[in-house]
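Okay, my_file.cif is below, mmCIF, C-alpha atoms:
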```
data_start
#
loop_
_atom_site.label_atom_id
_atom_site.label_comp_id
_atom_site.auth_asym_id
_atom_site.auth_seq_id
_atom_site.Cartn_x
_atom_site.Cartn_y
_atom_site.Cartn_z
CA MET A 1 22.35 -50.14 -8.00
CA SER A 2 23.88 -49.67 -4.55
CA GLY A 3 24.63 -46.01 -5.30
CA SER A 4 21.03 -45.41 -6.40
CA LEU A 5 19.74 -47.10 -3.24
CA ALA A 6 22.02 -44.96 -1.08
CA ARG A 7 20.84 -41.75 -2.75
CA ARG A 8 17.21 -42.80 -2.34
CA THR A 9 17.80 -43.64 1.32
CA LEU A 10 19.47 -40.28 1.95
CA SER A 11 16.58 -38.51 0.19
CA TYR A 12 13.99 -40.25 2.34
CA LEU A 13 16.05 -39.53 5.44
CA GLY A 14 16.23 -35.87 4.51
CA PHE A 15 12.47 -35.73 3.92
CA ALA A 16 11.87 -37.39 7.27
CA LEU A 17 14.10 -34.92 9.11
CA VAL A 18 12.40 -31.93 7.48
CA ALA A 19 8.95 -33.34 8.30
CA LEU A 20 10.01 -34.03 11.88
CA TYR A 21 11.40 -30.52 12.27
CA CYS A 22 8.20 -28.95 10.93
CA LEU A 23 5.69 -31.20 12.72
CA ALA A 24 7.37 -31.48 16.13
CA PRO A 25 6.11 -28.08 17.44
CA PHE A 26 2.55 -28.81 16.31
CA TYR A 27 2.70 -32.28 17.86
CA TRP A 28 3.89 -30.86 21.19
CA MET A 29 1.19 -28.17 21.09
CA THR A 30 -1.48 -30.83 20.46
CA VAL A 31 -0.19 -33.11 23.21
CA SER A 32 -0.03 -30.21 25.66
CA ALA A 33 -3.60 -29.23 24.78
CA PHE A 34 -4.87 -32.68 25.81
CA ARG A 35 -3.08 -32.77 29.17
CA ARG A 36 -4.98 -32.10 32.38
CA PRO A 37 -4.42 -28.58 33.78
CA GLN A 38 -2.49 -30.02 36.74
CA ASP A 39 -0.22 -31.88 34.30
CA GLN A 40 0.47 -28.96 31.95
CA PHE A 41 4.21 -28.85 32.71
CA ASP A 42 4.82 -32.58 32.22
CA ASN A 43 7.42 -33.53 29.62
CA THR A 44 6.06 -36.94 28.66
CA ILE A 45 5.71 -37.71 24.94
CA ILE A 46 2.01 -38.50 25.38
CA PRO A 47 -0.31 -37.31 28.15
CA VAL A 48 -0.52 -39.51 31.23
CA ARG A 49 -4.27 -38.87 31.22
CA TRP A 50 -6.10 -37.35 28.27
CA SER A 51 -8.47 -34.50 29.03
CA TRP A 52 -10.73 -32.01 27.20
CA GLU A 53 -10.62 -29.50 30.04
CA ASN A 54 -8.30 -27.10 28.20
CA PHE A 55 -10.60 -26.98 25.15
CA SER A 56 -13.59 -26.27 27.39
CA ALA A 57 -11.65 -23.51 29.13
CA VAL A 58 -10.93 -21.78 25.80
CA PHE A 59 -14.59 -20.86 25.35
CA SER A 60 -15.42 -20.40 29.04
CA GLY A 61 -15.33 -17.33 31.24
CA ASP A 62 -14.72 -13.96 29.65
CA ASN A 63 -12.12 -15.06 27.11
CA GLY A 64 -14.36 -13.99 24.21
CA PHE A 65 -12.64 -16.51 21.97
CA GLY A 66 -15.72 -17.21 19.84
CA ARG A 67 -15.99 -13.53 18.87
CA ALA A 68 -12.22 -13.42 18.33
CA LEU A 69 -12.46 -16.29 15.84
CA LEU A 70 -15.21 -14.43 13.98
CA ASN A 71 -13.06 -11.28 13.89
CA SER A 72 -10.13 -13.26 12.49
CA LEU A 73 -12.39 -14.73 9.81
CA VAL A 74 -13.67 -11.29 8.81
CA VAL A 75 -10.20 -9.74 8.69
CA ALA A 76 -8.54 -12.66 6.88
CA GLY A 77 -11.46 -13.08 4.49
CA GLY A 78 -11.66 -9.36 3.70
CA THR A 79 -7.91 -9.17 3.15
CA THR A 80 -8.00 -12.18 0.83
CA VAL A 81 -10.90 -10.91 -1.28
CA LEU A 82 -9.44 -7.42 -1.72
CA THR A 83 -5.99 -8.83 -2.45
CA LEU A 84 -7.36 -11.09 -5.19
CA LEU A 85 -9.47 -8.33 -6.76
CA ILE A 86 -6.63 -5.81 -6.90
CA GLY A 87 -3.77 -8.25 -7.36
CA THR A 88 -5.35 -10.19 -10.24
CA VAL A 89 -6.01 -7.09 -12.34
CA THR A 90 -2.59 -5.61 -11.56
CA ALA A 91 -0.76 -8.84 -12.33
CA TYR A 92 -2.64 -9.28 -15.61
CA ALA A 93 -1.71 -5.76 -16.70
CA LEU A 94 1.96 -6.35 -15.84
CA ALA A 95 1.95 -9.68 -17.67
CA ARG A 96 0.16 -8.61 -20.85
CA LEU A 97 0.71 -4.88 -21.39
CA ASP A 98 3.92 -3.44 -22.78
CA PHE A 99 4.99 -0.10 -21.35
CA ARG A 100 8.20 1.55 -20.29
CA PHE A 101 9.77 0.61 -16.97
CA LYS A 102 7.43 -2.37 -16.53
CA ASN A 103 10.14 -4.47 -14.94
CA ALA A 104 11.08 -1.55 -12.70
CA VAL A 105 7.48 -1.26 -11.53
CA LEU A 106 7.35 -4.98 -10.75
CA GLY A 107 10.66 -4.72 -8.93
CA LEU A 108 9.41 -1.75 -6.94
CA ILE A 109 6.28 -3.66 -5.93
CA ILE A 110 8.24 -6.61 -4.61
CA ALA A 111 10.81 -4.29 -3.00
CA THR A 112 8.12 -2.94 -0.67
CA THR A 113 8.13 -6.28 1.14
CA MET A 114 11.68 -5.61 2.34
CA PHE A 115 10.51 -2.99 4.84
CA PRO A 116 9.87 -4.51 8.29
CA GLY A 117 6.22 -4.36 9.22
CA ILE A 118 6.88 -2.93 12.65
CA SER A 119 8.45 0.20 11.08
CA GLN A 120 5.07 1.09 9.56
CA LEU A 121 2.99 0.66 12.69
CA VAL A 122 3.67 4.08 14.24
CA PRO A 123 2.73 6.18 11.16
CA LEU A 124 -0.28 3.95 10.48
CA LEU A 125 -1.39 4.22 14.09
CA LYS A 126 -1.17 8.02 13.92
CA LEU A 127 -3.06 8.08 10.62
CA PHE A 128 -5.83 5.76 11.76
CA THR A 129 -6.21 7.67 15.02
CA GLY A 130 -6.73 10.87 13.04
CA ILE A 131 -9.41 9.38 10.80
CA GLU A 132 -11.00 7.43 13.68
CA TRP A 133 -10.26 3.97 12.33
CA ILE A 134 -8.95 2.53 15.58
CA ASN A 135 -10.95 -0.50 16.75
CA THR A 136 -12.35 -1.16 13.26
CA TYR A 137 -11.92 -3.99 10.81
CA GLN A 138 -10.49 -1.72 8.13
CA ALA A 139 -7.67 -0.71 10.47
CA MET A 140 -6.52 -4.35 10.35
CA VAL A 141 -7.39 -5.13 6.72
CA VAL A 142 -5.75 -2.14 5.00
CA PRO A 143 -2.27 -2.62 6.55
CA SER A 144 -2.46 -6.33 5.77
CA LEU A 145 -3.02 -5.46 2.11
CA GLY A 146 0.33 -3.70 2.09
CA PHE A 147 2.04 -7.00 2.85
CA ALA A 148 -0.25 -9.35 0.89
CA LEU A 149 -0.53 -7.43 -2.39
CA PRO A 150 3.16 -7.45 -3.42
CA LEU A 151 3.38 -11.22 -2.98
CA SER A 152 0.12 -11.85 -4.83
CA VAL A 153 1.09 -9.56 -7.72
CA TRP A 154 4.47 -11.26 -8.04
CA LEU A 155 3.00 -14.77 -8.01
CA LEU A 156 0.10 -14.02 -10.36
CA THR A 157 2.26 -12.09 -12.83
CA ALA A 158 4.52 -15.12 -13.22
CA PHE A 159 1.47 -17.36 -13.62
CA PHE A 160 -0.23 -15.14 -16.24
CA ARG A 161 2.99 -15.01 -18.27
CA GLN A 162 2.85 -18.80 -18.60
CA LEU A 163 -0.59 -18.68 -20.26
CA PRO A 164 -0.36 -18.37 -24.08
CA PHE A 165 -1.62 -15.08 -25.48
CA GLU A 166 -3.12 -17.07 -28.36
CA LEU A 167 -5.93 -18.16 -26.04
CA GLU A 168 -7.15 -14.58 -25.73
CA GLN A 169 -6.67 -13.94 -29.44
CA ALA A 170 -8.77 -16.98 -30.29
CA ALA A 171 -11.50 -15.79 -27.92
CA MET A 172 -11.51 -12.31 -29.46
CA VAL A 173 -11.70 -13.81 -32.95
CA ASP A 174 -14.83 -15.63 -31.76
CA GLY A 175 -16.36 -12.28 -30.72
CA CYS A 176 -15.21 -11.74 -27.15
CA THR A 177 -13.95 -8.39 -26.00
CA ARG A 178 -10.63 -8.14 -24.16
CA GLY A 179 -12.49 -8.00 -20.86
CA GLN A 180 -14.67 -10.99 -21.72
CA ALA A 181 -11.61 -13.00 -22.78
CA PHE A 182 -10.02 -12.17 -19.44
CA ARG A 183 -13.09 -13.19 -17.43
CA LYS A 184 -14.14 -16.26 -19.41
CA ILE A 185 -10.81 -17.68 -20.57
CA ILE A 186 -7.89 -16.42 -18.52
CA ILE A 187 -9.46 -16.39 -15.04
CA PRO A 188 -10.68 -20.03 -15.25
CA LEU A 189 -7.26 -21.17 -16.49
CA ALA A 190 -5.55 -19.11 -13.80
CA ALA A 191 -7.82 -20.48 -11.07
CA PRO A 192 -5.12 -22.74 -9.55
CA GLY A 193 -2.70 -19.81 -9.27
CA VAL A 194 -5.41 -17.54 -7.88
CA PHE A 195 -6.45 -20.24 -5.43
CA THR A 196 -2.88 -20.75 -4.26
CA THR A 197 -2.48 -17.01 -3.78
CA ALA A 198 -5.74 -16.90 -1.84
CA ILE A 199 -4.60 -19.65 0.53
CA LEU A 200 -1.23 -17.98 1.19
CA THR A 201 -2.90 -14.60 1.76
CA PHE A 202 -5.56 -16.03 4.05
CA ILE A 203 -3.01 -17.90 6.15
CA ALA A 204 -0.80 -14.81 6.49
CA ALA A 205 -3.76 -12.60 7.45
CA TRP A 206 -5.17 -15.25 9.82
CA ASN A 207 -1.85 -15.53 11.68
CA GLU A 208 -1.13 -11.78 11.75
CA PHE A 209 -0.46 -10.44 15.25
CA LEU A 210 1.34 -7.07 15.41
CA ILE A 211 -1.20 -5.08 13.39
CA ALA A 212 -4.18 -6.51 15.25
CA LEU A 213 -2.49 -5.89 18.59
CA SER A 214 -1.61 -2.27 17.74
CA MET A 215 -4.81 -1.14 16.01
CA VAL A 216 -7.36 -2.64 18.42
CA ASN A 217 -7.75 -2.11 22.14
CA LYS A 218 -11.37 -3.22 22.54
CA LYS A 219 -11.80 -6.81 23.55
CA GLU A 220 -14.78 -7.40 21.27
CA MET A 221 -12.70 -6.42 18.22
CA GLN A 222 -9.52 -8.40 18.89
CA THR A 223 -8.57 -11.32 16.66
CA ALA A 224 -7.86 -14.88 17.75
CA THR A 225 -4.08 -14.46 17.87
CA VAL A 226 -4.39 -11.43 20.15
CA ALA A 227 -7.01 -13.14 22.30
CA ILE A 228 -4.72 -16.12 22.87
CA SER A 229 -1.88 -13.87 24.02
CA LYS A 230 -4.21 -12.27 26.58
CA PHE A 231 -5.59 -15.44 28.13
CA THR A 232 -5.44 -15.41 31.94
CA GLY A 233 -5.60 -18.31 34.36
CA VAL A 234 -8.03 -18.99 37.15
CA SER A 235 -6.51 -16.39 39.47
CA GLY A 236 -5.81 -13.91 36.69
CA PHE A 237 -2.07 -14.06 37.29
CA ASP A 238 -1.06 -17.67 36.55
CA GLN A 239 -0.03 -18.86 33.07
CA PRO A 240 -2.82 -20.80 31.29
CA PHE A 241 -0.35 -22.85 29.28
CA GLY A 242 -2.76 -25.69 28.46
CA THR A 243 -5.57 -23.33 27.45
CA GLN A 244 -3.29 -21.45 25.10
CA MET A 245 -2.14 -24.70 23.52
CA ALA A 246 -5.76 -25.78 23.01
CA ALA A 247 -6.59 -22.43 21.42
CA GLY A 248 -3.55 -22.82 19.17
CA VAL A 249 -4.84 -26.19 17.99
CA ILE A 250 -8.28 -24.73 17.29
CA VAL A 251 -6.75 -21.90 15.25
CA THR A 252 -4.27 -24.09 13.34
CA VAL A 253 -6.29 -27.19 12.45
CA PRO A 254 -8.67 -25.48 9.94
CA LEU A 255 -5.70 -24.11 7.98
CA ILE A 256 -4.03 -27.53 7.86
CA VAL A 257 -7.26 -29.17 6.70
CA VAL A 258 -7.75 -26.62 3.90
CA VAL A 259 -4.20 -27.04 2.61
CA LEU A 260 -4.38 -30.84 2.73
CA VAL A 261 -7.76 -30.98 1.01
CA PHE A 262 -6.78 -28.70 -1.89
CA GLN A 263 -3.10 -29.60 -2.09
CA ARG A 264 -3.47 -32.01 -5.02
CA ARG A 265 -5.57 -29.57 -7.01
CA ILE A 266 -3.13 -26.72 -6.43
CA VAL A 267 -0.06 -28.72 -7.46
CA ALA A 268 -1.80 -30.27 -10.47
CA GLY A 269 -3.06 -26.89 -11.63
CA LEU A 270 0.28 -25.12 -11.27
CA THR A 271 2.14 -27.83 -13.19
CA ALA A 272 -0.44 -28.08 -15.98
CA GLY A 273 -0.03 -26.08 -19.15
CA GLY A 274 -2.43 -23.44 -20.39
CA VAL A 275 -3.34 -25.49 -23.47
CA LYS A 276 -4.75 -28.98 -22.89
#
```
Please lay out the structure from this file as structure tokens.
Amino acid sequence: MSGSLARRTLSYLGFALVALYCLAPFYWMTVSAFRRPQDQFDNTIIPVRWSWENFSAVFSGDNGFGRALLNSLVVAGGTTVLTLLIGTVTAYALARLDFRFKNAVLGLIIATTMFPGISQLVPLLKLFTGIEWINTYQAMVVPSLGFALPLSVWLLTAFFRQLPFELEQAAMVDGCTRGQAFRKIIIPLAAPGVFTTAILTFIAAWNEFLIALSMVNKKEMQTATVAISKFTGVSGFDQPFGTQMAAGVIVTVPLIVVVLVFQRRIVAGLTAGGVK
């Protein structure tokens, strides 16, 4: 009994340390966002006086943060939709079809993620300059697909392989075509995996910085992450630490809410079997 209690205590302690390590930066960002501008370099655990001035400053002046949030939503949403459309079909083909070198193809797809993103920026910048894609949404969406698609194909292929092929056979016996069985049977059952992939893709595209910084030089086209890095203070030369922290909270909170709201559904769906 004592050994079991010790193991349980160590497990809880480990969980607490991991949670503390992960949540401490977000806590400090939130606390810093609620400090008064004159107190932005204080090191107290909680603000001496709470203030909303930093949040007001985010949307004031010529920061253009409202438009930047809209740009981030368009880029992240477009990347997610295209990734799901292409990745779902590709993953289904890799999971269900038998052809030579299938495992090699899957390995090659995942191997593309090993290349550092910054190594692709120069050739992409030259290409997009030639076809006049600079300062456009597609200049940010297309490169993001190169990083999102391999992960989505890998995750969805593993998920489709867990679904029994007998489900599709039963649907085709009842008169469905292969495409109808895919749309009406497999996609609904794969919804938790697709949803999980969508969340991961959206978060990665929402937080992306290097591509957006390199492909856009017009202020009205920059995303939220780039806009935050270019915030200036009252004089234009001081560091708006509190304003940047407030903007970070605004950008991060929606993602946390989405994950927390759908967390139970995602976990339950991924652990459930294909036949119920």
So how many Å separate atom CA of Ala224 of chain A and atom CA of Phe65 of chain A, to one decimal?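 Value for the atom CA of Ala224 of chain A-atom CA of Phe65 of chain A distance: 6.6 Å.
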Nearest to Gln263 of chain A, chosen from A:Val153, A:Val251, A:Ile199, A:Val105, with only C-alpha atoms counted in the distances: A:Ile199
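Our summary of the geometry notes that atom CA of Gly146 of chain A is positioned 13.8 Å from atom CA of Phe202 of chain A.
For the pair atom CA of Val226 of chain A and atom CA of Asn71 of chain A, the interatomic distance is 10.7 Å.
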I'd like the residues picked by the PyMOL selection byres ((chain A and resi 196) around 12) written out as a ChimeraX atom specification, using the chain letters and numbers from the file. /A:80,84,151-152,155-156,159,190-195,197-203,258-259,262-270
What would the selection look like, as JSON, numbers by chain, if the PyMOL selection byres ((chain A and resi 143) around 10) were run on the coordinates I just shared? {"A": [79, 117, 120, 121, 124, 138, 139, 140, 141, 142, 144, 145, 146, 147, 148, 211, 212, 215]}
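Residue nearest Ala93 of chain A within the list A:Leu125, A:Gln162, A:Leu106, A:Gly77: A:Leu106 [criterion: smallest interatomic distance, only C-alpha atoms].
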Return as a PyMOL selection string the set of residues that the PyMOL selection byres ((chain A and resi 163) around 10) yields on the displayed structure. chain A and resi 95+158-162+164-168+186+189-190+273-275
Could you take the residues named above and write them with C-alpha atoms, as a CSV table (one decimal), in the frame of the given file?
```
chain,number,residue,atom,x,y,z
A,95,ALA,CA,2.0,-9.7,-17.7
A,158,ALA,CA,4.5,-15.1,-13.2
A,159,PHE,CA,1.5,-17.4,-13.6
A,160,PHE,CA,-0.2,-15.1,-16.2
A,161,ARG,CA,3.0,-15.0,-18.3
A,162,GLN,CA,2.8,-18.8,-18.6
A,164,PRO,CA,-0.4,-18.4,-24.1
A,165,PHE,CA,-1.6,-15.1,-25.5
A,166,GLU,CA,-3.1,-17.1,-28.4
A,167,LEU,CA,-5.9,-18.2,-26.0
A,168,GLU,CA,-7.2,-14.6,-25.7
A,186,ILE,CA,-7.9,-16.4,-18.5
A,189,LEU,CA,-7.3,-21.2,-16.5
A,190,ALA,CA,-5.6,-19.1,-13.8
A,273,GLY,CA,0.0,-26.1,-19.2
A,274,GLY,CA,-2.4,-23.4,-20.4
A,275,VAL,CA,-3.3,-25.5,-23.5
```
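Comparing the minimum interatomic distances between Thr88 of chain A and each of A:Phe241, A:Tyr12, A:Phe59, A:Trp154, counting all atoms listed in the file, we find that A:Trp154 sits nearest.
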Do a neighbour search on Ile46 of chain A at 8 Å with all atoms listed in the file, toss out local chain neighbours closer than 2 positions, and write the hits as a PyMOL selection string. chain A and resi 31+44+48
Residues at most 9 Å from Pro240 of chain A, counting only C-alpha atoms, excluding those fewer than 3 positions away in the same chain, as a PyMOL selection string? chain A and resi 37+40+54+231-234+243-245
Close residues, Pro25 of chain A itself excluded, 12 Å, all atoms listed in the file, min 5 positions apart in chain, as a ChimeraX atom specification: /A:19-20,30-32,245,248-249,252
